[in-house]
Amino acid sequence: MIIDLRSDTVTKPDVKMLDAIMKAKTGDDVYKEDPTVNELESRVATMFGMDEALFFPTGSMANQAAIKLHTQPGEQLICDKWAHVYNYEGGGVSFNSGVSCKLIDGHRGMITADQVVASINPPDFYHSPLTSLVCLENTTNKGGGACYDIEEIKKIQKVSKEHGLGMHLDGARLMNALVAKNEDPKMYGNLFDTISICFSKGLGTPLGTVLVGNKELMQNAIRVRKVLGGGMRQIGYMAAAALFALDNNVVRLAEDHQRASEIAGTLKKCSYVKAVEPTDTNIVIFYLKEELSEEKFMEDLLHDGIRISNMGEGKLRIVTHLDYTEKMHEKLLEVLKSYQK
Ligand SMILES: *Cc1c(COP(=O)(O)O)cnc(C)c1O
């Protein structure tokens with residue numbers, strides 16, 4: 001038995017999802033003739049109370065397209081120092097949009113309205129880049145699945161509006177936040193100009209991210225997607241998986257959160273663990289005591305068939321997901337409790 005907890009992207013479609021994929025009605029989506037893609041896009045737009053949605057192959061491409069829609073070359077966006085758009089999208093911000101990032105030293109990947117205000121370059125000071133966009137992440141990835149307090153997002157939105165800045169949400173795991181905090185997606189639709197939502201993380205599809213947004217910005221999204229090479233043909237097969245996931249895999253995210261919190265609780269009691277970050281959703285980040293190296297610990301876990309991630313700077317990461325069963329959970333807790341270096 002391999003217990004793969006490196007990421008929630010390692011899941012494979014089950015028989016029911018495969019069945020939904022097999023039964024999908026498809027067409028050429030580049031001509032906008034795929035009925036299943038059209039259904040998914042309109043369903044997600046309605047869910048968030050936004051005008052339009054567009055299906056992308058990956059979260060990175062959806063974020064990169066959004067940044068392109070919001071900015072002009074030479075401009076600057078504001079994000080946390082741990083943001084996915086800055087750290088894990090291959091430098092796409094500069095490659096695709098010619099934009100730089102003003103990095104904020106936030107808390108667990110989250111930033112505040114005061115920090116945003118302090119990071120805006122005065123627009124009439126032509127020596128510095130023009131600030132044009134704020135990118136938030138919810139839940140945070142490197143920040144350990146932390147969820148924003150919606151009141152802080154409202155404050156950020158207010159200052160962004162005052163300064164004419166766009167608001168993009170990297171919502172790769174937004175569904176986890178919505179479930180954890182029992183929030184209404186329409187609140188988010190109200191606060192952001194664009195939001196990306198991944199289906200290939202906790203929702204368990206092989207691929208796909210939907211970008212939702214207001215009409216004015218989204219009008220050019222299909223062109224930007226084409227430029228980035230993201231125009232797809234009979235991709236309704238994957239949209240069918242996403243529709244299936246919306247119906248079947250959202251509410252159950254609470255199980256992933258519960259198991260993650262049990263893992264965190266167990267780790268806290270282990271003598272070889274130095275610290276465990278707060279665990280709000282499905283990501284557990286923890287640190288080992290100095291005498292035990294991350295490499296040795298990970299190698300030892302591998303002997304028990306358990307795979308986890310090393311995020312650097314001493315951070316180890318465990319992510320729970322759809323394919324992580326109760327049996328695996330019991331075994332993991334047992335291995336962690338009895339581990340001896
Ligand atoms: C996974 C992830 C993405 C998108 O990644 P892809 O691998 O390109 O789909 C974007 N933002 C965050 C926070 C993520 O965790």
# chains A, B, ... in the order shown; residues from 1 in each chain; ligands from 1
$ closest_atom_pairs --of "range 217-290 of chain A" --to "range 55-74 of chain A" --cutoff "7 Å" --atoms "only C-alpha atoms" --output "JSON lines"
{"residue": "A:Leu217", "atom": "CA", "partner": "A:Leu69", "partner_atom": "CA", "distance": 6.2}
{"residue": "A:Ala221", "atom": "CA", "partner": "A:Ala65", "partner_atom": "CA", "distance": 6.8}
{"residue": "A:Val224", "atom": "CA", "partner": "A:Ala65", "partner_atom": "CA", "distance": 6.0}
{"residue": "A:Arg225", "atom": "CA", "partner": "A:Ala65", "partner_atom": "CA", "distance": 6.4}
{"residue": "A:Gly230", "atom": "CA", "partner": "A:Phe56", "partner_atom": "CA", "distance": 6.4}
$ write_last_selection --atoms "C-alpha atoms" --output "PDB file, in the first residue's frame"
ATOM      1  CA  LEU A 217     -12.076  41.723 -18.213  1.00  0.00           C
ATOM      2  CA  ALA A 221      -9.703  35.992 -21.834  1.00  0.00           C
ATOM      3  CA  VAL A 224      -5.124  35.316 -24.013  1.00  0.00           C
ATOM      4  CA  ARG A 225      -5.850  31.617 -23.462  1.00  0.00           C
ATOM      5  CA  GLY A 230      -4.677  26.744 -23.984  1.00  0.00           C
TER       6      GLY A 230
END
$ residues_around --residues "Pro123 in chain A" --least-positions-apart "3" --cutoff "12 Å" --atoms "only C-alpha atoms" --output "PyMOL selection string"
chain A and resi 75-76+119-120+126-132+163-165
$ write_last_selection --atoms "N, CA, C and O atoms" --output "short mmCIF file (atom, residue, chain, number, x, y, z; two decimals), in the first residue's frame"
data_model
loop_
_atom_site.label_atom_id
_atom_site.label_comp_id
_atom_site.auth_asym_id
_atom_site.auth_seq_id
_atom_site.Cartn_x
_atom_site.Cartn_y
_atom_site.Cartn_z
N GLU A 75 4.24 47.17 -15.39
CA GLU A 75 3.48 47.42 -14.17
C GLU A 75 3.86 46.43 -13.06
O GLU A 75 4.68 45.53 -13.28
N GLN A 76 3.25 46.61 -11.91
CA GLN A 76 3.59 45.78 -10.75
C GLN A 76 2.34 45.26 -10.08
O GLN A 76 1.34 45.96 -9.98
N SER A 119 2.21 49.15 0.13
CA SER A 119 2.99 48.63 -1.00
C SER A 119 2.63 49.27 -2.34
O SER A 119 3.22 48.93 -3.36
N ILE A 120 1.64 50.16 -2.32
CA ILE A 120 1.22 50.80 -3.58
C ILE A 120 2.18 51.94 -3.92
O ILE A 120 2.40 52.83 -3.10
N TYR A 126 6.72 58.69 -11.47
CA TYR A 126 6.95 57.85 -12.65
C TYR A 126 8.25 57.05 -12.61
O TYR A 126 8.54 56.29 -13.52
N HIS A 127 9.03 57.21 -11.53
CA HIS A 127 10.26 56.42 -11.40
C HIS A 127 9.98 54.97 -11.05
O HIS A 127 10.74 54.08 -11.36
N SER A 128 8.90 54.74 -10.34
CA SER A 128 8.62 53.37 -9.90
C SER A 128 7.51 52.76 -10.76
O SER A 128 6.73 53.47 -11.38
N PRO A 129 7.47 51.42 -10.80
CA PRO A 129 6.43 50.77 -11.60
C PRO A 129 5.03 51.13 -11.12
O PRO A 129 4.82 51.33 -9.92
N LEU A 130 4.12 51.19 -12.06
CA LEU A 130 2.73 51.49 -11.71
C LEU A 130 2.09 50.24 -11.09
O LEU A 130 2.10 49.17 -11.70
N THR A 131 1.56 50.40 -9.88
CA THR A 131 0.89 49.28 -9.24
C THR A 131 -0.50 49.13 -9.84
O THR A 131 -1.25 50.10 -9.91
N SER A 132 -0.84 47.92 -10.30
CA SER A 132 -2.16 47.80 -10.92
C SER A 132 -3.00 46.62 -10.44
O SER A 132 -4.17 46.53 -10.77
N HIS A 163 -7.66 52.85 -4.91
CA HIS A 163 -6.43 53.11 -5.66
C HIS A 163 -6.50 52.59 -7.10
O HIS A 163 -5.49 52.54 -7.78
N GLY A 164 -7.67 52.18 -7.52
CA GLY A 164 -7.84 51.72 -8.91
C GLY A 164 -7.12 50.42 -9.24
O GLY A 164 -6.71 50.20 -10.38
N LEU A 165 -6.91 49.55 -8.23
CA LEU A 165 -6.22 48.28 -8.48
C LEU A 165 -7.22 47.16 -8.76
O LEU A 165 -8.29 47.11 -8.16
#
$ select_by_dssp --residues "range 142-294 of chain A" --states "strand (DSSP E)" --output "list in words"
Gly166, Met167, His168, Leu169, Asp170, Gly171, Thr194, Ile195, Ser196, Ile197, Cys198, Thr209, Val210, Leu211, Val212, Gly213, Val273, Lys274, Ala275, Val276, Ile283, Val284, Ile285, Phe286, Tyr287 and Leu288 of chain A
$ residues_around --residues "Met22 in chain A" --least-positions-apart "2" --cutoff "10 Å" --atoms "only C-alpha atoms" --output "list in words"
Lys16, Met17, Leu18, Asp19, Ala20, Ala24, Lys25, Tyr237, Met238, Ala240 and Ala241 of chain A
$ write_last_selection --atoms "N, CA and C atoms" --output "compact mmCIF listing (two decimals), in the first residue's frame"
# COMPACT_ATOMS: atom_id res chain seq x y z
N LYS A 16 -16.96 6.03 -10.98
CA LYS A 16 -18.10 6.92 -11.26
C LYS A 16 -17.69 8.15 -12.05
N MET A 17 -16.55 8.72 -11.69
CA MET A 17 -16.08 9.88 -12.46
C MET A 17 -15.73 9.45 -13.89
N LEU A 18 -15.10 8.29 -14.02
CA LEU A 18 -14.77 7.79 -15.37
C LEU A 18 -16.04 7.58 -16.19
N ASP A 19 -17.08 7.11 -15.53
CA ASP A 19 -18.35 6.90 -16.21
C ASP A 19 -18.91 8.24 -16.73
N ALA A 20 -18.83 9.27 -15.87
CA ALA A 20 -19.30 10.60 -16.28
C ALA A 20 -18.48 11.10 -17.47
N ALA A 24 -19.82 11.91 -21.59
CA ALA A 24 -19.89 13.34 -21.90
C ALA A 24 -20.24 13.60 -23.36
N LYS A 25 -21.10 14.59 -23.57
CA LYS A 25 -21.34 15.08 -24.93
C LYS A 25 -20.26 16.13 -25.21
N TYR A 237 -14.83 16.14 -22.14
CA TYR A 237 -14.58 14.95 -21.31
C TYR A 237 -14.08 15.36 -19.93
N MET A 238 -13.21 16.38 -19.93
CA MET A 238 -12.67 16.83 -18.65
C MET A 238 -13.64 17.77 -17.93
N ALA A 240 -16.74 17.30 -17.97
CA ALA A 240 -17.69 16.37 -17.35
C ALA A 240 -17.16 15.89 -15.99
N ALA A 241 -15.85 15.68 -15.93
CA ALA A 241 -15.24 15.29 -14.65
C ALA A 241 -15.41 16.42 -13.63
$ residues_around --residues "range 36-45 of chain A" --least-positions-apart "2" --cutoff "7 Å" --atoms "only C-alpha atoms" --output "ChimeraX atom specification"
/A:24-26,34,47-55,212,236,239-240,243
$ residues_around --residues "range 102-118 of chain A" --least-positions-apart "5" --cutoff "6 Å" --atoms "only C-alpha atoms" --output "list in words"
Ile78, Cys79, Asp80, Lys81, Trp82, Thr140, Gly143, Lys155 and Ile156 of chain A
$ write_last_selection --atoms "all heavy atoms" --output "CSV table (one decimal), in the first residue's frame"
chain,number,residue,atom,x,y,z
A,78,ILE,N,0.9,43.2,-6.5
A,78,ILE,CA,1.2,43.0,-5.1
A,78,ILE,C,0.7,41.6,-4.7
A,78,ILE,O,-0.4,41.2,-5.0
A,78,ILE,CB,0.4,44.1,-4.2
A,78,ILE,CG1,0.9,45.5,-4.5
A,78,ILE,CG2,0.5,43.7,-2.7
A,78,ILE,CD1,0.1,46.6,-3.9
A,79,CYS,N,1.6,40.8,-4.0
A,79,CYS,CA,1.2,39.5,-3.5
A,79,CYS,C,2.1,39.2,-2.3
A,79,CYS,O,3.1,39.8,-2.1
A,79,CYS,CB,1.4,38.5,-4.6
A,79,CYS,SG,3.0,38.2,-5.2
A,80,ASP,N,1.7,38.1,-1.6
A,80,ASP,CA,2.5,37.6,-0.5
A,80,ASP,C,3.8,37.0,-1.0
A,80,ASP,O,3.8,36.5,-2.2
A,80,ASP,CB,1.7,36.6,0.3
A,80,ASP,CG,2.5,36.1,1.5
A,80,ASP,OD1,2.4,36.8,2.5
A,80,ASP,OD2,3.2,35.0,1.4
A,81,LYS,N,4.9,37.0,-0.2
A,81,LYS,CA,6.2,36.4,-0.6
A,81,LYS,C,6.1,35.0,-0.9
A,81,LYS,O,6.9,34.4,-1.7
A,81,LYS,CB,7.2,36.7,0.5
A,81,LYS,CG,6.9,36.0,1.8
A,81,LYS,CD,8.0,36.3,2.8
A,81,LYS,CE,7.7,35.5,4.1
A,81,LYS,NZ,6.4,35.8,4.8
A,82,TRP,N,5.1,34.3,-0.4
A,82,TRP,CA,4.9,32.8,-0.7
A,82,TRP,C,3.9,32.5,-1.8
A,82,TRP,O,3.6,31.4,-2.1
A,82,TRP,CB,4.4,32.1,0.6
A,82,TRP,CG,5.5,32.0,1.6
A,82,TRP,CD1,6.8,32.2,1.5
A,82,TRP,CD2,5.3,31.6,3.0
A,82,TRP,NE1,7.5,31.9,2.7
A,82,TRP,CE2,6.5,31.6,3.6
A,82,TRP,CE3,4.2,31.3,3.8
A,82,TRP,CZ2,6.7,31.3,4.9
A,82,TRP,CZ3,4.3,31.0,5.1
A,82,TRP,CH2,5.6,31.0,5.7
A,140,THR,N,-4.1,29.3,1.2
A,140,THR,CA,-2.7,29.4,0.8
A,140,THR,C,-2.0,28.1,0.7
A,140,THR,O,-2.3,27.1,1.4
A,140,THR,CB,-1.9,30.3,1.8
A,140,THR,OG1,-1.9,29.6,3.1
A,140,THR,CG2,-2.5,31.6,2.0
A,143,GLY,N,1.6,28.6,2.6
A,143,GLY,CA,1.1,29.0,4.0
A,143,GLY,C,0.4,27.9,4.7
A,143,GLY,O,-0.1,28.1,5.8
A,155,LYS,N,-11.7,44.6,3.4
A,155,LYS,CA,-10.9,45.8,3.6
A,155,LYS,C,-9.9,46.0,2.4
A,155,LYS,O,-9.6,47.1,2.0
A,155,LYS,CB,-10.1,45.7,4.9
A,155,LYS,CG,-10.9,45.9,6.1
A,155,LYS,CD,-10.0,45.9,7.4
A,155,LYS,CE,-10.8,45.5,8.6
A,155,LYS,NZ,-10.0,45.1,9.7
A,156,ILE,N,-9.3,44.8,2.0
A,156,ILE,CA,-8.3,44.9,0.9
A,156,ILE,C,-9.1,45.4,-0.4
A,156,ILE,O,-8.5,46.2,-1.1
A,156,ILE,CB,-7.7,43.5,0.6
A,156,ILE,CG1,-6.8,43.1,1.9
A,156,ILE,CG2,-6.8,43.5,-0.6
A,156,ILE,CD1,-6.2,41.7,1.8
$ atom_distance --atom1 "CA of Thr320 in chain A" --atom2 "CA of Gln258 in chain A"
9.4 Å
$ closest_residue --among "A:Leu316, A:Pro278, A:Lys201, A:Gln340" --to "Lys12 in chain A" --atoms "only C-alpha atoms"
A:Lys201
$ closest_residue --among "A:Asp323, A:Glu330, A:Glu162, A:Asp149" --to "Asp14 in chain A" --atoms "only C-alpha atoms"
A:Asp323
$ closest_residue --among "A:Met175, A:Arg259, A:Asn248, A:Leu169" --to "Thr325 in chain A" --atoms "only C-alpha atoms"
A:Arg259
$ closest_residue --among "A:Gly314, A:Gly189, A:Pro13, A:Gly204" --to "ligand 1" --atoms "only C-alpha atoms and all ligand atoms"
A:Gly204
$ decode --residues "range 48-64 of chain A" --atoms "all heavy atoms" --output "short mmCIF file (atom, residue, chain, number, x, y, z; two decimals), in the first residue's frame"
data_model
loop_
_atom_site.label_atom_id
_atom_site.label_comp_id
_atom_site.auth_asym_id
_atom_site.auth_seq_id
_atom_site.Cartn_x
_atom_site.Cartn_y
_atom_site.Cartn_z
N PHE A 48 -20.68 31.72 -8.59
CA PHE A 48 -19.95 32.85 -7.99
C PHE A 48 -20.66 34.18 -8.24
O PHE A 48 -20.16 35.23 -7.83
CB PHE A 48 -18.51 32.90 -8.52
CG PHE A 48 -17.63 31.86 -7.87
CD1 PHE A 48 -17.60 30.56 -8.36
CD2 PHE A 48 -16.89 32.16 -6.74
CE1 PHE A 48 -16.84 29.58 -7.74
CE2 PHE A 48 -16.13 31.20 -6.11
CZ PHE A 48 -16.10 29.90 -6.60
N GLY A 49 -21.80 34.14 -8.94
CA GLY A 49 -22.53 35.38 -9.23
C GLY A 49 -21.72 36.30 -10.12
O GLY A 49 -21.79 37.52 -10.00
N MET A 50 -20.91 35.72 -11.02
CA MET A 50 -20.08 36.54 -11.91
C MET A 50 -20.58 36.38 -13.35
O MET A 50 -21.35 35.48 -13.65
CB MET A 50 -18.61 36.15 -11.77
CG MET A 50 -18.12 36.38 -10.34
SD MET A 50 -16.36 36.08 -10.10
CE MET A 50 -15.70 37.73 -10.27
N ASP A 51 -20.10 37.27 -14.25
CA ASP A 51 -20.65 37.30 -15.60
C ASP A 51 -20.22 36.10 -16.45
O ASP A 51 -21.04 35.50 -17.12
CB ASP A 51 -20.20 38.57 -16.34
CG ASP A 51 -20.62 39.83 -15.61
OD1 ASP A 51 -21.71 39.81 -14.99
OD2 ASP A 51 -19.86 40.81 -15.65
N GLU A 52 -18.92 35.82 -16.43
CA GLU A 52 -18.40 34.83 -17.39
C GLU A 52 -17.34 33.93 -16.78
O GLU A 52 -16.68 34.31 -15.82
CB GLU A 52 -17.79 35.56 -18.59
CG GLU A 52 -18.86 35.96 -19.59
CD GLU A 52 -18.30 36.80 -20.70
OE1 GLU A 52 -17.15 36.56 -21.10
OE2 GLU A 52 -19.03 37.70 -21.14
N ALA A 53 -17.19 32.75 -17.41
CA ALA A 53 -16.16 31.82 -16.97
C ALA A 53 -15.51 31.18 -18.18
O ALA A 53 -16.11 31.12 -19.26
CB ALA A 53 -16.78 30.74 -16.08
N LEU A 54 -14.27 30.73 -18.00
CA LEU A 54 -13.54 30.08 -19.09
C LEU A 54 -12.71 28.93 -18.52
O LEU A 54 -12.07 29.09 -17.48
CB LEU A 54 -12.63 31.11 -19.78
CG LEU A 54 -12.08 30.73 -21.15
CD1 LEU A 54 -13.18 30.61 -22.20
CD2 LEU A 54 -11.03 31.76 -21.60
N PHE A 55 -12.76 27.80 -19.22
CA PHE A 55 -12.08 26.58 -18.78
C PHE A 55 -10.63 26.57 -19.28
O PHE A 55 -10.39 26.76 -20.47
CB PHE A 55 -12.85 25.38 -19.34
CG PHE A 55 -12.50 24.04 -18.73
CD1 PHE A 55 -12.35 23.88 -17.37
CD2 PHE A 55 -12.37 22.93 -19.56
CE1 PHE A 55 -12.06 22.63 -16.81
CE2 PHE A 55 -12.09 21.66 -19.02
CZ PHE A 55 -11.93 21.52 -17.64
N PHE A 56 -9.70 26.36 -18.37
CA PHE A 56 -8.27 26.30 -18.69
C PHE A 56 -7.71 24.92 -18.36
O PHE A 56 -8.22 24.25 -17.46
CB PHE A 56 -7.50 27.35 -17.86
CG PHE A 56 -7.63 28.76 -18.35
CD1 PHE A 56 -8.77 29.50 -18.08
CD2 PHE A 56 -6.60 29.35 -19.07
CE1 PHE A 56 -8.89 30.81 -18.53
CE2 PHE A 56 -6.70 30.66 -19.52
CZ PHE A 56 -7.85 31.39 -19.25
N PRO A 57 -6.62 24.53 -19.04
CA PRO A 57 -6.02 23.23 -18.71
C PRO A 57 -5.39 23.20 -17.32
O PRO A 57 -5.40 22.16 -16.66
CB PRO A 57 -4.97 23.00 -19.80
CG PRO A 57 -4.74 24.33 -20.43
CD PRO A 57 -5.98 25.13 -20.23
N THR A 58 -4.79 24.32 -16.88
CA THR A 58 -4.10 24.32 -15.58
C THR A 58 -4.40 25.60 -14.79
O THR A 58 -4.81 26.63 -15.37
CB THR A 58 -2.56 24.28 -15.75
OG1 THR A 58 -2.13 25.50 -16.35
CG2 THR A 58 -2.11 23.09 -16.58
N GLY A 59 -4.13 25.52 -13.51
CA GLY A 59 -4.28 26.68 -12.64
C GLY A 59 -3.26 27.76 -12.96
O GLY A 59 -3.57 28.95 -12.93
N SER A 60 -2.06 27.32 -13.28
CA SER A 60 -1.03 28.31 -13.62
C SER A 60 -1.46 29.12 -14.84
O SER A 60 -1.34 30.34 -14.86
CB SER A 60 0.31 27.62 -13.93
OG SER A 60 0.79 26.98 -12.78
N MET A 61 -2.00 28.45 -15.85
CA MET A 61 -2.40 29.18 -17.06
C MET A 61 -3.56 30.14 -16.76
O MET A 61 -3.59 31.27 -17.27
CB MET A 61 -2.78 28.23 -18.20
CG MET A 61 -2.82 28.96 -19.54
SD MET A 61 -3.52 28.01 -20.88
CE MET A 61 -2.16 26.94 -21.30
N ALA A 62 -4.49 29.72 -15.92
CA ALA A 62 -5.62 30.59 -15.57
C ALA A 62 -5.12 31.82 -14.80
O ALA A 62 -5.54 32.95 -15.08
CB ALA A 62 -6.64 29.82 -14.74
N ASN A 63 -4.21 31.62 -13.85
CA ASN A 63 -3.65 32.76 -13.11
C ASN A 63 -2.87 33.68 -14.04
O ASN A 63 -3.00 34.91 -13.96
CB ASN A 63 -2.70 32.27 -12.00
CG ASN A 63 -3.44 31.71 -10.81
OD1 ASN A 63 -4.58 32.08 -10.54
ND2 ASN A 63 -2.79 30.82 -10.07
N GLN A 64 -2.06 33.07 -14.91
CA GLN A 64 -1.24 33.89 -15.81
C GLN A 64 -2.13 34.69 -16.77
O GLN A 64 -1.84 35.85 -17.07
CB GLN A 64 -0.27 32.99 -16.59
CG GLN A 64 0.84 32.39 -15.72
CD GLN A 64 1.66 33.45 -15.03
OE1 GLN A 64 2.05 34.44 -15.65
NE2 GLN A 64 1.91 33.27 -13.76
#
